[in-house]
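Peer 1: Following this message is one structure expressed as C-alpha cells.
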Amino acid sequence: MPELFIGGEWTRSRTARTREIRCPADGSLVAVVDEGCSADTEAAIHAARRAFDLGPWPQTPAAERGDLLLRVAALIERDKESYARDESLDTGKRLVESGYDMDDIANCFRYFGKAAAAESGRVVDTGNPATDSTVVHEPVGVCGLITPWNYPLLQTAWKVAPALAAGNTFVLKPSELTPHTAIRLMRTLQEAGLPPGTANLVLGTGPEAGAPLAGHPDVDLVSFTGGLQTGRGIMAEAAATVKKVALELGGKNPNIVFSDADFETAVDMALTAVFLHSGQVCSAGARLIVQDGLHDRLVDEIVRRARQIRLGGPFDEKAQAGPLISAQHRSKVEAYVKAGLAEGAVLRCGGARPQGDAYASGFYYLPTVLDECNADMTVVQEESFGPVLTVERFSTEEEAVALANRTIYGLAGAVFTGDQARARRVAGALRLGTVWINDYHPYVPQAEWGGYKQSGFGRELGPAGLAEYRETKHIWRNTDPRPQGWFS
Ligand code: NAD
C-alpha cells in the first residue's frame with residue numbers, strides 16, 4: 001500500500017521507485033517501501049502550507065490541540081507492542097529497548113499535550129492606563145522535520161509533539177533506513193482526528209526528499225536531528241530564506257571518573273554509557289576520562305565485562321546489545337578503530353567483528369576498548385557512533401575539565417565522584433547541554449535537551465522545546481485613541 005502521506009491521503013511516490021528495508025540483525029527483508037523524491041516533498045510542503053493558511057489546526061484552541069496529543073499518547077500505548085516490533089525490525093535494536101522508547105514517546109506526547117493546554121499569553125504592564133498590551137504565542141507555520149535512524153520514532157516525537165502542540169503543520173522526512181514507525185505515526189495521528197494536511201510524510205534519501213525542506217520558501221522552520229556535516233548543509237541552505245533552524249547534532253561525550261567515585265556504579269554506568277544500543281546514541285559516553293589512581297582497576301573491570309557482553313538480534317532475549325545499522329556504518333566504525341590504533345591507542349578488547357553463524361549476515365561489531373588515548377587522536381575527537389570506548393587519564397580536576405571540553409562538540413556527559421561540591425563545580429565548568437552526576441543517560445521530557453558548540457542549537461523537550469515552534473506577538477491597543485499632534 002502507498003506509504004507517503006500528503007494532504008490527508010496515502011499516495012505513491014512520483015518516482016515509482018521503491019526501497020528494500022532489511023533488518024540489520026540478519027539482513028532479512030522487512031518490507032519494500034516507496035522512495036520519495038523532491039517532487040513528493042514539494043507536494044507535501046504545498047499541502048502543509050494550505051493546511052496552515054486555511055486551517056483549521058492553527059486556529060484550534062490550544063486545549064483541544066492538547067487533548068488530541070493526549071489521545072495520541074494513549075493510542076501509542078495501546079499499540080506499544082507492534083510499534084516496538086516495527087522499530088526493532090528497522091533498527092535491529094533489542095525489543096525491550098524499543099519498548100522503553102515507546103514509553104518515552106507516549107510520555108513526550110503527554111507532556112506536550114499538557115503544555116499545549118496550559119499555553120497562554122501574558123498581559124504587559126506598560127505603565128500607561130490608556131493602553132492594553134498583551135503578548136500572545138502563535139505557531140511558526142510549516143515545519144520541515146528531518147530525523148535520524150538511531151531512535152527513529154523518539155526523535156520524531158520530540159519534534160512532532162511540540163510542533164502540533166503549538167499549532168503548526170509539518171512535513172516529516174524520517175531516515176530512509178528506518179521509515180516504519182513514522183508511517184505508523186501518521187495512521188495514529190489520523191485515528192486521533194488530526195485534520196488532513198496538518199501532518200505530511202515523505203520518504204526517501206536526504207539529498208532528494210529531505211533537502212527541499214531546508215531551502216523551500218514555503219517552509220518556515222526546519223528542525224533537524226542527525227550528523228554534523230548534514231546539519232551544516234541544512235543551516236547553509238536555510239539561510240537563503242532565513243528560516244527558523246533547530247539542529248540536534250552529534251556528540252563526543254566525556255564521562256569523567258574521579259578516584260573517589262563509587263566503583264561498582266562507575267563501572268556499570270561506563271558500560272551503559274557507551275555500549276547501550278551499540279554506541280549508536282548521540283549522548284553515548286564514548287570518552288572515558290579517568291583519574292590516574294583509579295585507571296588500571298577501572299579499565300580492567302570495564303574490559304572484563306565488555307568481553308562478556310552478549311550480542312544478538314532484536315528478539316534474542318539474552319542479547320545485551322544489537323548490530324550496527326548498516327554495513328556502511330560498520331565500516332566507518334572499523335575505520336575509526338584502525339585510525340586510533342595507528343595513532344597509538346592500545347586495544348584492550350573488541351576491535352573486530354564477532355565470529356559465528358549467528359552473526360554472519362548482521363552488521364555486528366564487538367564492544368571495543370581503546371586504552372592510553374589522548375585528546376589529539378581522531379577516534380577521541382570524532383563521533384564513531386559505534387561500540388568504541390576511548391580511555392584518557394587525568395590527575396587534577398582542572399585537567400579533567402580541560403580534557404572534557406577539548407572537542408568541537410558539547411552535547412552531554414557525566415562526572416562520577418563522591419565529592420558533591422566537586423561534582424557541582426565540574427558540572428558547572430563543562431560546556432555541555434546535559435551533565436549527569438553519578439548517573440548516565442536519563443532524561444525527562446520536562447527538561448530541555450540540546451547541544452552547546454557544534455552539537456547544535458535550539459532545544460528539544462521542556463518549555464524551551466515548545467518555544468522553538470512558537471512565534472511571539474505583541475499586541476498593543478490604544479484604549480483612548482486621539483491625535484498626538486506631532487506633525488500638525
Ligand atoms: P544523517 O545526518 O546522515 O541523517 C539524518 C537525516 O537527515 C536523515 O533523515 C537523512 O536522510 C537526512 N539527510 C541527509 N542528507 C540530507 C540533506 N542534504 N538534506 C536534508 N536531509 C538530509 O544522520 P544519521 O546517520 O541518520 O544519524 C546519526 C547522527 O545523528 C549522529 O551524528 C548522532 O549523534 C545524531 N543524533 C543527534 C541527536 C541529538 O539529540 N543531538 C539525537 C540522535 C542522533
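In the C-alpha cells, the first chain shown is A, the next is B, and so on; residue numbers restart at 1 for each chain, and ligands run from 1 in the order shown.
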Return as an MDAnalysis selection string every polymer residue, whether protein, DNA or RNA, with at least one atom no more than 8 Å from an atom of ligand 1; count only C-alpha atoms and all ligand atoms.
Peer 2: chainID A and resid 146:151 155 173:176 204:214 224:231 233:234 247:251 280:283 383 385 411 449:451 455:456
Peer 1: Please report, as JSON, numbers by chain, each residue of range 172-244 of chain A to which DSSP assigns strand (DSSP E or B) when run on this structure's backbone.
Peer 2: {"A": [172, 173, 199, 200, 201, 221, 222, 223, 224, 225, 244]}
Peer 1: Using N, CA and C atoms, can you export the residues from the last selection as a compact mmCIF listing (two decimals), in the first residue's frame?
Peer 2:
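That gives us out-v3.txt:
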```txt
# COMPACT_ATOMS: atom_id res chain seq x y z
N LEU A 172 7.25 15.66 7.53
CA LEU A 172 8.26 14.83 8.20
C LEU A 172 9.03 14.02 7.17
N LYS A 173 10.36 14.00 7.31
CA LYS A 173 11.21 13.16 6.45
C LYS A 173 12.08 12.32 7.38
N ALA A 199 -0.40 16.94 9.12
CA ALA A 199 0.79 16.08 9.18
C ALA A 199 1.01 15.49 7.80
N ASN A 200 2.24 15.61 7.30
CA ASN A 200 2.56 15.04 5.98
C ASN A 200 3.87 14.27 6.10
N LEU A 201 3.95 13.18 5.35
CA LEU A 201 5.13 12.32 5.44
C LEU A 201 5.70 12.06 4.05
N LEU A 221 10.19 26.77 9.20
CA LEU A 221 11.13 26.28 10.23
C LEU A 221 11.65 24.93 9.80
N VAL A 222 12.93 24.70 10.00
CA VAL A 222 13.44 23.34 9.78
C VAL A 222 14.11 22.87 11.06
N SER A 223 13.68 21.70 11.51
CA SER A 223 14.26 21.10 12.71
C SER A 223 14.90 19.80 12.28
N PHE A 224 16.19 19.70 12.55
CA PHE A 224 16.97 18.56 12.04
C PHE A 224 17.69 17.86 13.18
N THR A 225 17.64 16.56 13.20
CA THR A 225 18.49 15.77 14.09
C THR A 225 19.28 14.81 13.22
N LYS A 244 13.63 29.66 10.57
CA LYS A 244 13.98 29.27 11.93
C LYS A 244 14.66 27.91 11.81
```
Peer 1: Enter the distance from CA of Ser133 in chain A to CA of Ile475 in chain A, in Å, rounded to one decimal.
Peer 2: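 Value for the CA of Ser133 in chain A-CA of Ile475 in chain A distance: 5.8 Å.
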Peer 1: Can you check which residues of range 36-69 of chain A DSSP gives as alpha helix (DSSP H) on the backbone and send them as a PyMOL selection string?
Peer 2: chain A and resi 38-54+62-69
Peer 1: If I take CA of Ala118 in chain A and CA of Gln190 in chain A, how far is one from the other in Å, to one decimal?
Peer 2: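 These two atoms are separated by 23.8 Å.
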Peer 1: With only C-alpha atoms as the atoms that count, which of A:Val142, A:Val346, A:Val267, A:Val30 lies nearest to Cys373 in chain A?
Peer 2: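 The shortest atom-to-atom distance to Cys373 in chain A comes from A:Val346.
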Peer 1: List as a PyMOL selection string the protein and nucleic acid residues near Arg49 in chain A, meaning an atom at most 9 Å away when only C-alpha atoms are counted, but skip any in the same chain fewer than 2 places from it.
Peer 2: chain A and resi 44-47+51-54+141-142+169-170+197-198+218-219
Peer 1: Include N, CA and C atoms and write out the residues we just selected as a PDB file, in the first residue's frame.
Peer 2:
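This went into result-v7.pdb:
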```
ATOM      1  N   ALA A  44       4.109  17.775  -0.611  1.00  0.00           N
ATOM      2  CA  ALA A  44       3.822  17.723   0.832  1.00  0.00           C
ATOM      3  C   ALA A  44       3.912  19.123   1.447  1.00  0.00           C
ATOM      4  N   ILE A  45       4.900  19.896   0.987  1.00  0.00           N
ATOM      5  CA  ILE A  45       5.035  21.270   1.505  1.00  0.00           C
ATOM      6  C   ILE A  45       3.792  22.077   1.112  1.00  0.00           C
ATOM      7  N   HIS A  46       3.346  21.875  -0.113  1.00  0.00           N
ATOM      8  CA  HIS A  46       2.156  22.593  -0.597  1.00  0.00           C
ATOM      9  C   HIS A  46       0.944  22.251   0.283  1.00  0.00           C
ATOM     10  N   ALA A  47       0.800  20.956   0.590  1.00  0.00           N
ATOM     11  CA  ALA A  47      -0.335  20.528   1.415  1.00  0.00           C
ATOM     12  C   ALA A  47      -0.236  21.123   2.825  1.00  0.00           C
ATOM     13  N   ALA A  51      -2.812  23.762   4.565  1.00  0.00           N
ATOM     14  CA  ALA A  51      -3.457  23.438   5.846  1.00  0.00           C
ATOM     15  C   ALA A  51      -3.120  24.494   6.899  1.00  0.00           C
ATOM     16  N   PHE A  52      -1.938  25.077   6.775  1.00  0.00           N
ATOM     17  CA  PHE A  52      -1.616  26.132   7.737  1.00  0.00           C
ATOM     18  C   PHE A  52      -2.398  27.397   7.417  1.00  0.00           C
ATOM     19  N   ASP A  53      -2.398  27.775   6.139  1.00  0.00           N
ATOM     20  CA  ASP A  53      -3.017  29.060   5.776  1.00  0.00           C
ATOM     21  C   ASP A  53      -4.545  29.019   5.906  1.00  0.00           C
ATOM     22  N   LEU A  54      -5.141  27.855   5.593  1.00  0.00           N
ATOM     23  CA  LEU A  54      -6.608  27.782   5.621  1.00  0.00           C
ATOM     24  C   LEU A  54      -7.138  27.160   6.911  1.00  0.00           C
ATOM     25  N   GLY A 141       4.441  28.144  11.596  1.00  0.00           N
ATOM     26  CA  GLY A 141       3.938  27.927  10.237  1.00  0.00           C
ATOM     27  C   GLY A 141       4.130  26.490   9.797  1.00  0.00           C
ATOM     28  N   VAL A 142       4.751  26.334   8.629  1.00  0.00           N
ATOM     29  CA  VAL A 142       5.034  24.993   8.100  1.00  0.00           C
ATOM     30  C   VAL A 142       6.418  24.578   8.600  1.00  0.00           C
ATOM     31  N   THR A 169       1.707  23.126  11.110  1.00  0.00           N
ATOM     32  CA  THR A 169       1.572  21.960  10.237  1.00  0.00           C
ATOM     33  C   THR A 169       3.003  21.532   9.888  1.00  0.00           C
ATOM     34  N   PHE A 170       3.158  20.297   9.421  1.00  0.00           N
ATOM     35  CA  PHE A 170       4.538  19.857   9.178  1.00  0.00           C
ATOM     36  C   PHE A 170       4.651  18.858   8.037  1.00  0.00           C
ATOM     37  N   GLY A 197      -3.785  17.274   6.036  1.00  0.00           N
ATOM     38  CA  GLY A 197      -2.814  18.283   5.623  1.00  0.00           C
ATOM     39  C   GLY A 197      -1.953  18.809   6.762  1.00  0.00           C
ATOM     40  N   THR A 198      -2.391  18.560   7.998  1.00  0.00           N
ATOM     41  CA  THR A 198      -1.617  19.049   9.152  1.00  0.00           C
ATOM     42  C   THR A 198      -0.302  18.277   9.264  1.00  0.00           C
ATOM     43  N   ASP A 218       8.315  28.116   1.229  1.00  0.00           N
ATOM     44  CA  ASP A 218       7.057  27.907   1.960  1.00  0.00           C
ATOM     45  C   ASP A 218       7.247  27.170   3.278  1.00  0.00           C
ATOM     46  N   VAL A 219       8.473  26.802   3.582  1.00  0.00           N
ATOM     47  CA  VAL A 219       8.741  26.178   4.890  1.00  0.00           C
ATOM     48  C   VAL A 219       9.281  27.268   5.811  1.00  0.00           C
TER      49      VAL A 219
END
```
Peer 1: Rounded to one decimal place, report the CA of Pro217 in chain A-CA of Ala62 in chain A distance in Å.
Peer 2: 26.9 Å
Peer 1: Please provide the set of residues having any atom within 8 Å of range 33-36 of chain A, restricted to only C-alpha atoms, with same-chain residues fewer than 5 positions apart removed, written as a list in words.
Peer 2: Pro2, Glu3, Leu4, Arg12, Ser13, Arg14, Thr15, Ala16, Arg17, Thr18, Arg19, Glu20, Ile21, Thr41, Val202, Leu203, Gly204, Thr205, Glu208 and Ala209 of chain A
Peer 1: Hey, can you spit out that residue selection with all heavy atoms as a short mmCIF file (atom, residue, chain, number, x, y, z; two decimals), in the first residue's frame?
Peer 2:
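Writing the result to selection_13.cif gives the following:
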```
data_model
loop_
_atom_site.label_atom_id
_atom_site.label_comp_id
_atom_site.auth_asym_id
_atom_site.auth_seq_id
_atom_site.Cartn_x
_atom_site.Cartn_y
_atom_site.Cartn_z
N PRO A 2 0.32 2.39 -0.49
CA PRO A 2 1.16 3.59 -0.57
C PRO A 2 1.63 4.04 0.81
O PRO A 2 0.90 3.90 1.79
CB PRO A 2 0.22 4.63 -1.18
CG PRO A 2 -1.05 3.97 -1.49
CD PRO A 2 -1.07 2.63 -0.88
N GLU A 3 2.85 4.59 0.86
CA GLU A 3 3.39 4.95 2.17
C GLU A 3 3.70 6.42 2.36
O GLU A 3 4.17 6.82 3.41
CB GLU A 3 4.67 4.15 2.44
CG GLU A 3 4.42 2.76 2.92
CD GLU A 3 4.82 1.73 1.89
OE1 GLU A 3 5.32 2.12 0.83
OE2 GLU A 3 4.61 0.54 2.18
N LEU A 4 3.47 7.23 1.31
CA LEU A 4 3.64 8.66 1.51
C LEU A 4 2.29 9.22 1.96
O LEU A 4 1.24 8.75 1.48
CB LEU A 4 4.08 9.35 0.21
CG LEU A 4 5.58 9.38 -0.08
CD1 LEU A 4 6.19 8.00 -0.07
CD2 LEU A 4 5.86 10.06 -1.42
N ARG A 12 1.40 7.15 -3.61
CA ARG A 12 2.65 6.54 -4.08
C ARG A 12 3.65 7.64 -4.41
O ARG A 12 3.27 8.77 -4.70
CB ARG A 12 2.39 5.74 -5.36
CG ARG A 12 1.53 4.52 -5.19
CD ARG A 12 2.31 3.27 -5.57
NE ARG A 12 2.99 2.69 -4.45
CZ ARG A 12 2.56 1.62 -3.79
NH1 ARG A 12 1.44 1.02 -4.12
NH2 ARG A 12 3.26 1.14 -2.79
N SER A 13 4.90 7.27 -4.43
CA SER A 13 5.94 8.21 -4.84
C SER A 13 5.80 8.53 -6.32
O SER A 13 5.45 7.67 -7.13
CB SER A 13 7.31 7.59 -4.59
OG SER A 13 8.27 8.22 -5.37
N ARG A 14 6.10 9.78 -6.68
CA ARG A 14 6.07 10.16 -8.09
C ARG A 14 7.15 9.46 -8.89
O ARG A 14 7.09 9.42 -10.13
CB ARG A 14 6.23 11.68 -8.22
CG ARG A 14 4.95 12.43 -7.90
CD ARG A 14 5.24 13.85 -7.42
NE ARG A 14 3.98 14.57 -7.15
CZ ARG A 14 3.21 14.35 -6.09
NH1 ARG A 14 3.55 13.44 -5.19
NH2 ARG A 14 2.09 15.01 -5.91
N THR A 15 8.16 8.95 -8.25
CA THR A 15 9.24 8.27 -8.97
C THR A 15 8.87 6.83 -9.32
O THR A 15 9.52 6.21 -10.14
CB THR A 15 10.51 8.15 -8.10
OG1 THR A 15 10.17 7.39 -6.95
CG2 THR A 15 11.05 9.49 -7.71
N ALA A 16 7.86 6.29 -8.62
CA ALA A 16 7.51 4.86 -8.70
C ALA A 16 8.68 3.99 -8.26
O ALA A 16 8.70 2.79 -8.49
CB ALA A 16 7.04 4.49 -10.10
N ARG A 17 9.67 4.58 -7.61
CA ARG A 17 10.80 3.79 -7.11
C ARG A 17 10.47 3.26 -5.72
O ARG A 17 9.64 3.85 -5.00
CB ARG A 17 12.05 4.66 -7.01
CG ARG A 17 12.82 4.74 -8.32
CD ARG A 17 14.15 5.43 -8.10
NE ARG A 17 14.00 6.86 -8.06
CZ ARG A 17 14.63 7.67 -7.21
NH1 ARG A 17 15.46 7.19 -6.31
NH2 ARG A 17 14.45 8.98 -7.25
N THR A 18 11.12 2.20 -5.36
CA THR A 18 10.91 1.63 -4.02
C THR A 18 12.27 1.35 -3.37
O THR A 18 13.30 1.38 -4.04
CB THR A 18 10.11 0.31 -4.09
OG1 THR A 18 10.79 -0.56 -4.99
CG2 THR A 18 8.68 0.54 -4.55
N ARG A 19 12.22 1.06 -2.08
CA ARG A 19 13.44 0.74 -1.34
C ARG A 19 13.17 -0.49 -0.47
O ARG A 19 12.12 -0.60 0.16
CB ARG A 19 13.81 1.92 -0.45
CG ARG A 19 14.91 1.63 0.58
CD ARG A 19 15.18 2.83 1.44
NE ARG A 19 15.82 3.89 0.69
CZ ARG A 19 17.14 4.05 0.60
NH1 ARG A 19 17.96 3.25 1.26
NH2 ARG A 19 17.65 5.03 -0.11
N GLU A 20 14.13 -1.38 -0.45
CA GLU A 20 14.01 -2.54 0.43
C GLU A 20 14.52 -2.16 1.81
O GLU A 20 15.62 -1.63 1.95
CB GLU A 20 14.88 -3.69 -0.09
CG GLU A 20 14.32 -4.34 -1.34
CD GLU A 20 15.13 -5.57 -1.74
OE1 GLU A 20 16.24 -5.75 -1.20
OE2 GLU A 20 14.64 -6.32 -2.60
N ILE A 21 13.70 -2.44 2.81
CA ILE A 21 14.16 -2.24 4.20
C ILE A 21 14.54 -3.61 4.74
O ILE A 21 13.73 -4.54 4.72
CB ILE A 21 13.04 -1.62 5.07
CG1 ILE A 21 12.51 -0.32 4.45
CG2 ILE A 21 13.53 -1.40 6.50
CD1 ILE A 21 13.51 0.80 4.32
N THR A 41 8.19 15.87 -2.01
CA THR A 41 8.36 16.81 -0.89
C THR A 41 7.70 18.14 -1.22
O THR A 41 7.05 18.76 -0.37
CB THR A 41 9.87 17.00 -0.60
OG1 THR A 41 10.44 15.71 -0.42
CG2 THR A 41 10.09 17.84 0.64
N VAL A 202 6.99 12.33 3.90
CA VAL A 202 7.68 11.90 2.67
C VAL A 202 8.81 10.96 3.05
O VAL A 202 9.44 11.12 4.10
CB VAL A 202 8.24 13.08 1.85
CG1 VAL A 202 7.12 13.86 1.21
CG2 VAL A 202 9.12 13.98 2.68
N LEU A 203 9.04 9.97 2.22
CA LEU A 203 10.13 9.02 2.45
C LEU A 203 11.19 9.24 1.38
O LEU A 203 10.91 9.83 0.34
CB LEU A 203 9.60 7.59 2.38
CG LEU A 203 8.43 7.24 3.29
CD1 LEU A 203 8.01 5.79 3.09
CD2 LEU A 203 8.78 7.50 4.75
N GLY A 204 12.37 8.72 1.63
CA GLY A 204 13.43 8.84 0.62
C GLY A 204 14.73 9.33 1.23
O GLY A 204 14.82 9.55 2.44
N THR A 205 15.72 9.53 0.40
CA THR A 205 17.04 9.92 0.90
C THR A 205 17.05 11.41 1.28
O THR A 205 16.19 12.18 0.84
CB THR A 205 18.13 9.70 -0.17
OG1 THR A 205 17.88 10.61 -1.25
CG2 THR A 205 18.14 8.27 -0.68
N GLU A 208 17.61 13.89 -1.76
CA GLU A 208 16.45 14.01 -2.66
C GLU A 208 15.20 14.51 -1.95
O GLU A 208 14.63 15.53 -2.31
CB GLU A 208 16.14 12.64 -3.27
CG GLU A 208 16.99 12.33 -4.49
CD GLU A 208 16.40 11.21 -5.29
OE1 GLU A 208 15.47 11.45 -6.08
OE2 GLU A 208 16.86 10.06 -5.11
N ALA A 209 14.76 13.76 -0.94
CA ALA A 209 13.47 14.08 -0.32
C ALA A 209 13.60 15.06 0.85
O ALA A 209 12.64 15.75 1.19
CB ALA A 209 12.80 12.79 0.16
#
```
Peer 1: If you count only C-alpha atoms, which residues fall within 12 Å of Ala306 in chain A, apart from same-chain ones fewer than 2 positions away, as a ChimeraX atom specification?
Peer 2: /A:267-268,270-272,274-276,278,299-304,308-311,320-321,348-351,366-370,387-389
Peer 1: For Ala117 in chain A, list every protein, DNA or RNA residue within 7 Å, evaluated using only C-alpha atoms, and leave out those in the same chain fewer than 3 positions away; present the list as a ChimeraX atom specification.
Peer 2: /A:62-63,66,113-114
Peer 1: Next, the residues of the selection above should be written as a CSV table (one decimal), in the first residue's frame with all heavy atoms.
Peer 2:
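Output file result-v6.csv follows:
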```csv
chain,number,residue,atom,x,y,z
A,62,ALA,N,-6.0,25.9,22.0
A,62,ALA,CA,-4.8,25.1,22.5
A,62,ALA,C,-5.2,23.9,23.3
A,62,ALA,O,-4.6,22.9,23.3
A,62,ALA,CB,-3.9,26.1,23.3
A,63,ALA,N,-6.3,24.1,24.1
A,63,ALA,CA,-6.7,22.9,24.9
A,63,ALA,C,-7.2,21.7,24.1
A,63,ALA,O,-6.9,20.6,24.4
A,63,ALA,CB,-7.9,23.4,25.9
A,66,GLY,N,-4.2,20.1,22.8
A,66,GLY,CA,-3.6,19.3,23.8
A,66,GLY,C,-4.3,18.0,24.0
A,66,GLY,O,-3.7,16.9,24.2
A,113,GLY,N,1.1,17.6,25.2
A,113,GLY,CA,-0.4,17.7,25.3
A,113,GLY,C,-0.8,18.6,26.5
A,113,GLY,O,-1.6,19.5,26.3
A,114,LYS,N,-0.1,18.4,27.6
A,114,LYS,CA,-0.5,19.2,28.8
A,114,LYS,C,0.1,20.6,28.6
A,114,LYS,O,-0.6,21.6,29.0
A,114,LYS,CB,0.1,18.6,30.1
A,114,LYS,CG,-0.7,17.3,30.4
A,114,LYS,CD,-0.1,16.7,31.7
A,114,LYS,CE,-0.8,15.3,32.0
A,114,LYS,NZ,0.0,14.5,32.8
```
Peer 1: I need the residue nearest Ala166 in chain A from this list: A:Arg71, A:Arg65, A:Arg459, A:Arg393. Use only C-alpha atoms for the distance.
Peer 2: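 Comparing A:Arg71, A:Arg65, A:Arg459, A:Arg393 against Ala166 in chain A, the winner is A:Arg65.
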Peer 1: Within 7 Å of Gly465 in chain A, counting only C-alpha atoms, which residues qualify if same-chain residues fewer than 5 places away don't, as an NGL selection string?
Peer 2: :A and (162 or 448 or 459-460)
Peer 1: Just the selected residues (all heavy atoms), exported as a PDB file, in the first residue's frame, please.
Peer 2:
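Output saved as result_22.pdb:
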```
ATOM      1  N   PRO A 162       5.799  18.843  19.983  1.00  0.00           N
ATOM      2  CA  PRO A 162       5.748  20.295  20.218  1.00  0.00           C
ATOM      3  C   PRO A 162       5.257  21.077  19.005  1.00  0.00           C
ATOM      4  O   PRO A 162       4.592  22.106  19.158  1.00  0.00           O
ATOM      5  CB  PRO A 162       7.196  20.658  20.569  1.00  0.00           C
ATOM      6  CG  PRO A 162       8.037  19.554  20.033  1.00  0.00           C
ATOM      7  CD  PRO A 162       7.177  18.328  20.097  1.00  0.00           C
ATOM      8  N   GLU A 448      14.928  20.449  29.194  1.00  0.00           N
ATOM      9  CA  GLU A 448      15.394  20.662  27.831  1.00  0.00           C
ATOM     10  C   GLU A 448      16.528  19.711  27.447  1.00  0.00           C
ATOM     11  O   GLU A 448      17.301  19.266  28.295  1.00  0.00           O
ATOM     12  CB  GLU A 448      15.885  22.103  27.665  1.00  0.00           C
ATOM     13  CG  GLU A 448      14.771  23.098  27.413  1.00  0.00           C
ATOM     14  CD  GLU A 448      13.956  23.452  28.640  1.00  0.00           C
ATOM     15  OE1 GLU A 448      14.245  22.923  29.731  1.00  0.00           O
ATOM     16  OE2 GLU A 448      13.015  24.254  28.518  1.00  0.00           O
ATOM     17  N   ARG A 459      16.515  23.990  21.334  1.00  0.00           N
ATOM     18  CA  ARG A 459      16.290  22.982  22.366  1.00  0.00           C
ATOM     19  C   ARG A 459      15.086  22.122  22.024  1.00  0.00           C
ATOM     20  O   ARG A 459      14.114  22.590  21.436  1.00  0.00           O
ATOM     21  CB  ARG A 459      16.060  23.647  23.724  1.00  0.00           C
ATOM     22  CG  ARG A 459      17.340  24.232  24.323  1.00  0.00           C
ATOM     23  CD  ARG A 459      18.300  23.102  24.686  1.00  0.00           C
ATOM     24  NE  ARG A 459      19.603  23.558  25.142  1.00  0.00           N
ATOM     25  CZ  ARG A 459      20.668  23.749  24.368  1.00  0.00           C
ATOM     26  NH1 ARG A 459      20.584  23.583  23.066  1.00  0.00           N
ATOM     27  NH2 ARG A 459      21.826  24.107  24.875  1.00  0.00           N
ATOM     28  N   GLU A 460      15.190  20.838  22.403  1.00  0.00           N
ATOM     29  CA  GLU A 460      14.026  19.965  22.297  1.00  0.00           C
ATOM     30  C   GLU A 460      13.570  19.676  23.726  1.00  0.00           C
ATOM     31  O   GLU A 460      14.334  19.836  24.674  1.00  0.00           O
ATOM     32  CB  GLU A 460      14.382  18.687  21.550  1.00  0.00           C
ATOM     33  CG  GLU A 460      14.874  19.041  20.145  1.00  0.00           C
ATOM     34  CD  GLU A 460      14.754  17.917  19.148  1.00  0.00           C
ATOM     35  OE1 GLU A 460      15.571  16.994  19.204  1.00  0.00           O
ATOM     36  OE2 GLU A 460      13.865  17.979  18.303  1.00  0.00           O
TER      37      GLU A 460
END
```
